[in-house]
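Trainee: The following file, structure-v8.cif, comprises mmCIF, C-alpha atoms:
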data_target
#
loop_
_atom_site.label_atom_id
_atom_site.label_comp_id
_atom_site.auth_asym_id
_atom_site.auth_seq_id
_atom_site.Cartn_x
_atom_site.Cartn_y
_atom_site.Cartn_z
CA MET O 1161 -58.34 99.59 62.55
CA SER O 1162 -58.10 97.14 59.65
CA VAL O 1163 -55.13 97.11 57.29
CA ILE O 1164 -57.37 98.25 54.42
CA ALA O 1165 -58.81 101.12 56.47
CA ALA O 1166 -55.33 102.23 57.56
CA THR O 1167 -54.07 102.11 53.97
CA GLU O 1168 -57.04 104.12 52.74
CA GLN O 1169 -56.61 106.63 55.55
CA ARG O 1170 -52.92 107.07 54.70
CA ALA O 1171 -53.67 107.43 50.99
CA ALA O 1172 -56.31 110.10 51.66
CA ALA O 1173 -54.02 112.04 54.00
CA VAL O 1174 -51.13 111.89 51.53
CA ARG O 1175 -53.35 112.92 48.61
CA SER O 1176 -54.71 115.91 50.54
CA ALA O 1177 -51.25 117.07 51.66
CA ILE O 1178 -49.74 116.77 48.18
CA GLU O 1179 -52.60 118.69 46.60
CA ASP O 1180 -52.26 121.46 49.20
CA ILE O 1181 -48.53 121.73 48.53
CA ARG O 1182 -49.03 121.58 44.75
CA GLU O 1183 -51.54 124.45 44.94
CA MET O 1184 -49.21 126.55 47.11
CA LEU O 1185 -46.28 126.12 44.76
CA ALA O 1186 -48.39 126.68 41.64
CA ILE O 1187 -49.56 130.03 42.99
CA ALA O 1188 -46.33 131.29 44.54
CA GLY O 1189 -43.69 129.55 42.42
CA ILE O 1190 -40.65 127.76 43.82
CA ASP O 1191 -38.72 129.84 46.33
CA ARG O 1192 -37.67 129.51 49.95
CA LEU O 1193 -40.83 131.11 51.29
CA SER O 1194 -43.23 128.91 49.31
CA LEU O 1195 -41.20 125.78 50.11
CA ALA O 1196 -41.31 126.69 53.81
CA ARG O 1197 -45.10 126.86 53.58
CA GLY O 1198 -45.21 123.51 51.82
CA LEU O 1199 -42.91 122.07 54.47
CA ARG O 1200 -45.43 122.93 57.18
CA VAL O 1201 -48.02 120.79 55.39
CA LEU O 1202 -45.52 117.91 55.15
CA GLN O 1203 -44.70 118.30 58.86
CA ALA O 1204 -48.37 117.90 59.71
CA LEU O 1205 -48.48 114.71 57.64
CA ALA O 1206 -45.34 113.40 59.35
CA GLY O 1207 -46.92 114.22 62.71
CA ARG O 1208 -49.53 111.52 62.07
CA SER O 1209 -47.15 108.80 63.22
CA GLU O 1210 -49.87 106.11 63.10
CA LEU O 1211 -49.67 106.31 59.30
CA TRP O 1212 -45.96 105.37 59.25
CA ASN O 1213 -45.79 102.37 61.58
CA ARG O 1214 -43.24 99.57 61.54
CA SER O 1215 -45.72 96.89 60.58
CA ASP O 1216 -46.39 98.63 57.26
CA PHE O 1217 -42.87 100.00 56.80
CA PRO O 1218 -40.33 97.73 58.53
CA ASP O 1219 -36.95 98.92 59.75
CA PRO O 1220 -33.86 97.97 57.74
CA VAL O 1221 -32.45 94.55 58.63
CA PRO O 1222 -28.67 94.56 59.28
CA PRO O 1223 -26.42 94.90 57.43
CA GLU O 1224 -28.88 96.96 55.37
CA PRO O 1225 -28.44 100.59 56.52
CA HIS O 1226 -31.43 102.23 54.88
CA VAL O 1227 -34.86 101.46 53.45
CA ARG O 1228 -36.64 103.89 51.13
CA TYR O 1229 -40.37 103.38 50.56
CA LEU O 1230 -42.15 105.14 47.70
CA ILE O 1231 -45.42 106.41 49.11
CA ARG O 1232 -46.78 108.29 46.09
CA GLU O 1233 -45.73 109.96 42.84
CA ASP O 1234 -47.54 111.63 39.95
CA ALA O 1235 -47.97 109.82 36.65
CA ASP O 1236 -45.14 111.98 35.24
CA ARG O 1237 -43.02 111.09 38.32
CA GLY O 1238 -43.36 114.54 39.85
CA TYR O 1239 -44.27 115.22 43.48
CA ALA O 1240 -42.60 112.04 44.69
CA LEU O 1241 -43.07 111.24 48.38
CA TYR O 1242 -40.87 108.71 50.16
CA LEU O 1243 -40.57 107.39 53.69
CA ASN O 1244 -36.90 106.93 54.58
CA VAL O 1245 -36.12 104.55 57.41
CA ILE O 1246 -32.42 104.86 58.21
CA ALA O 1247 -30.32 102.96 60.74
CA PRO O 1248 -27.91 104.72 63.13
CA GLY O 1249 -24.43 105.26 61.76
CA ARG O 1250 -25.59 106.01 58.23
CA LEU O 1251 -23.76 108.88 56.49
CA ILE O 1252 -24.96 110.23 53.14
CA PRO O 1253 -22.22 112.47 51.68
CA PRO O 1254 -22.81 116.05 50.50
CA HIS O 1255 -25.09 116.16 47.44
CA ASN O 1256 -27.65 118.27 45.64
CA HIS O 1257 -31.00 117.17 44.21
CA ASP O 1258 -31.54 119.23 41.03
CA THR O 1259 -35.12 119.68 42.24
CA TRP O 1260 -36.78 121.15 45.31
CA ALA O 1261 -37.05 118.97 48.41
CA CYS O 1262 -38.85 119.02 51.76
CA VAL O 1263 -37.92 116.74 54.67
CA ALA O 1264 -40.08 116.22 57.78
CA ALA O 1265 -39.49 113.88 60.70
CA VAL O 1266 -41.88 111.18 61.87
CA GLU O 1267 -39.44 110.00 64.55
CA GLY O 1268 -35.75 110.33 65.27
CA THR O 1269 -33.25 113.04 64.40
CA GLU O 1270 -31.50 113.51 61.07
CA TYR O 1271 -28.42 115.76 61.16
CA ASN O 1272 -28.16 117.81 57.97
CA VAL O 1273 -25.04 119.82 57.23
CA LEU O 1274 -25.78 122.50 54.64
CA TYR O 1275 -23.05 123.67 52.26
CA ARG O 1276 -22.37 126.45 49.79
CA ARG O 1277 -20.51 125.75 46.56
CA THR O 1278 -17.62 128.22 46.25
CA ASP O 1279 -16.13 127.46 42.81
CA ASP O 1280 -17.71 128.56 39.52
CA GLY O 1281 -18.67 125.06 38.38
CA THR O 1282 -16.78 125.26 35.08
CA ARG O 1283 -14.27 122.45 35.72
CA ALA O 1284 -15.69 118.96 35.28
CA GLY O 1285 -15.18 116.82 38.37
CA TYR O 1286 -13.93 119.75 40.45
CA ALA O 1287 -15.87 121.51 43.21
CA THR O 1288 -15.17 123.35 46.42
CA ILE O 1289 -17.83 123.59 49.11
CA GLU O 1290 -17.96 125.14 52.56
CA GLU O 1291 -20.21 124.39 55.51
CA ILE O 1292 -22.93 126.90 56.28
CA GLU O 1293 -24.84 125.35 59.18
CA THR O 1294 -26.16 122.14 60.71
CA VAL O 1295 -29.91 121.59 60.91
CA GLN O 1296 -31.38 118.89 63.15
CA VAL O 1297 -34.56 117.51 61.61
CA ARG O 1298 -36.61 115.88 64.36
CA PRO O 1299 -40.36 115.56 65.07
CA GLY O 1300 -42.00 118.95 64.76
CA THR O 1301 -39.23 120.36 62.55
CA GLY O 1302 -38.17 120.01 58.94
CA LEU O 1303 -35.95 121.25 56.15
CA ALA O 1304 -36.88 122.76 52.78
CA MET O 1305 -34.26 122.93 50.01
CA THR O 1306 -34.06 124.54 46.59
CA PRO O 1307 -32.60 122.62 43.62
CA GLU O 1308 -29.19 124.24 44.16
CA ASP O 1309 -28.87 123.46 47.87
CA ILE O 1310 -26.23 120.97 48.99
CA HIS O 1311 -26.50 118.90 52.16
CA SER O 1312 -25.15 115.80 53.85
CA VAL O 1313 -27.07 113.55 56.23
CA THR O 1314 -25.92 111.73 59.35
CA VAL O 1315 -28.00 109.48 61.60
CA LYS O 1316 -26.78 109.06 65.18
CA GLY O 1317 -28.26 107.46 68.28
CA THR O 1318 -29.40 103.87 68.74
CA GLU O 1319 -32.69 103.61 66.81
CA PRO O 1320 -33.59 104.02 63.14
CA ILE O 1321 -35.18 107.28 62.10
CA ARG O 1322 -38.36 107.60 60.01
CA HIS O 1323 -38.64 110.73 57.86
CA LEU O 1324 -40.81 111.83 54.96
CA HIS O 1325 -38.98 113.23 51.91
CA LEU O 1326 -40.95 115.03 49.20
CA TYR O 1327 -39.24 115.92 45.90
CA GLY O 1328 -40.33 117.88 42.86
CA ARG O 1329 -39.24 114.86 40.78
CA ALA O 1330 -38.73 111.21 41.68
CA LEU O 1331 -35.20 110.42 42.82
CA GLU O 1332 -34.94 107.69 40.22
CA THR O 1333 -35.31 110.25 37.39
CA MET O 1334 -32.46 112.49 38.54
CA THR O 1335 -29.44 111.95 36.31
CA THR O 1336 -27.52 115.20 36.76
CA ARG O 1337 -27.31 115.62 40.51
CA LEU O 1338 -23.87 115.55 42.11
CA SER O 1339 -22.12 114.07 45.12
CA TYR O 1340 -19.33 116.23 46.57
CA ASP O 1341 -16.11 115.29 48.37
CA PRO O 1342 -14.75 118.31 50.27
CA ALA O 1343 -11.58 116.39 51.22
CA THR O 1344 -10.50 116.13 47.56
CA ASN O 1345 -12.37 119.15 46.12
CA SER O 1346 -14.13 116.84 43.71
CA CYS O 1347 -17.63 115.99 42.57
CA LYS O 1348 -19.19 113.15 40.60
CA PRO O 1349 -22.66 111.98 39.56
CA MET O 1350 -24.74 110.94 42.57
CA VAL O 1351 -25.75 107.29 42.60
CA LEU O 1352 -28.72 106.09 44.67
CA GLY O 1353 -27.30 104.03 47.52
CA VAL O 1354 -30.38 101.86 48.03
CA ALA O 1355 -33.18 100.64 45.81
CA THR O 1356 -36.62 102.13 46.36
CA ARG O 1357 -39.32 99.78 47.56
CA ARG O 1358 -42.65 100.26 45.80
#
Mind converting the file's structure to structure tokens?

Mentor:
Amino acid sequence: MSVIAATEQRAAAVRSAIEDIREMLAIAGIDRLSLARGLRVLQALAGRSELWNRSDFPDPVPPEPHVRYLIREDADRGYALYLNVIAPGRLIPPHNHDTWACVAAVEGTEYNVLYRRTDDGTRAGYATIEEIETVQVRPGTGLAMTPEDIHSVTVKGTEPIRHLHLYGRALETMTTRLSYDPATNSCKPMVLGVATRR
């Protein structure tokens, strides 16, 4: 298959998946059930591994730990789809997104620890969180999160992982999301650790 044909095939598959998810969420609203349905569509897209190959989306080159590729976003920067390629050993600390998110694996396993915030959120810079569960996102599985959900991400093993992340808004537009430090019971604005490749 030519590069142009592969690009067109990927674009068509992405467009179809996003429109299906958009329609589901427009009808049902944003809740755990509707996001779970949308996640299944994203999992099917992630299952087409030929669309997410290394020649089009290279692995990070050491010492770079992580490459984020923007695949598609709306003109208003909604429904932003990224391919994250993350090297083993990467740890992303607990954080929220301030928008809904769905994560589906193309290859490799992403270890997500989910947390619950236990303080009332009234003290600036202060937060207490507790672990709820660990979810392994690997091919055939995924994770859907509401805007309030908090998670951390760890990548283990010996090979980079490749996962699709779909957000209600582009990551680059999020100015109020928080990063949490359970060791110090603190929180601060979340800063993107790597630049997005477009």

Trainee: Write out as a list of chain:residue names each polymer residue whose atoms come within 8 Å of O:Tyr1239, counting only C-alpha atoms; drop sequence neighbours fewer than 2 positions from it.

Mentor: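 Close residues of O:Tyr1239: O:Ile1178, O:Arg1232, O:Glu1233, O:Asp1234, O:Arg1237, O:Leu1241, O:Leu1326, O:Tyr1327, O:Gly1328, O:Arg1329, O:Ala1330.
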
Trainee: Taking the file as shown, find all residues satisfying the PyMOL selection byres ((chain O and resi 1290-1304) around 7) and write them as a PyMOL selection string.

Mentor: chain O and resi 1195-1196+1199+1203+1261-1277+1288-1289+1305

Trainee: Of the residues O:Arg1322, O:Arg1283, O:Arg1358, O:Arg1182, which is the one nearest to O:Ser1346, using all atoms listed in the file?

Mentor: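 For O:Ser1346, the nearest of the candidates is O:Arg1283.
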
Trainee: How big is the axis-aligned box around the listed atoms of stretch 1162-1172 of chain O once 4 Å is added on each side, and where is its centre? Give both in Å to one decimal, as lines of an AutoDock Vina configuration file.

Mentor:
center_x = -55.9
center_y = 103.6
center_z = 55.3
size_x = 13.9
size_y = 21.0
size_z = 16.7

Trainee: Just so the selection is clear, what residues does the PyMOL selection byres ((chain O and resi 1312) around 6) cover here, as a PyMOL selection string?

Mentor: chain O and resi 1252-1254+1272-1273+1311+1313

Trainee: Taking the file above as input, evaluate the PyMOL selection byres ((chain O and resi 1315) around 8) and report the hits as number ranges by chain.

Mentor: O: 1246-1251, 1269-1271, 1313-1314, 1316-1317, 1320-1321

Trainee: Just checking: using all atoms listed in the file, which residue out of O:Arg1357, O:Asp1180, O:Cys1347, O:Pro1218 ends up closest to O:Thr1282?

Mentor: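 Between O:Arg1357, O:Asp1180, O:Cys1347, O:Pro1218, the residue approaching O:Thr1282 most closely is O:Cys1347.
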
Trainee: In Å to one decimal, how far is atom CA of O:Thr1306 from atom CA of O:Ala1284?

Mentor: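 A separation of 22.3 Å between them.
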
Trainee: For atom CA of O:Gln1169 and atom CA of O:Tyr1242, quote the distance in Å rounded to one decimal.

Mentor: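 Taking atom CA of O:Gln1169 as the start and atom CA of O:Tyr1242 as the end point, the length is 16.8 Å.
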
Trainee: How many Å lie between atom CA of O:Met1334 and atom CA of O:Ala1171, rounded to one decimal?

Mentor: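 A separation of 25.1 Å between them.
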
Trainee: For O:Asn1345, which residue among O:Glu1332, O:Ile1310, O:Ala1177, O:Asp1279 is the nearest when counting all atoms listed in the file?

Mentor: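 Looking at the shortest contact to O:Asn1345, the residue is O:Asp1279.
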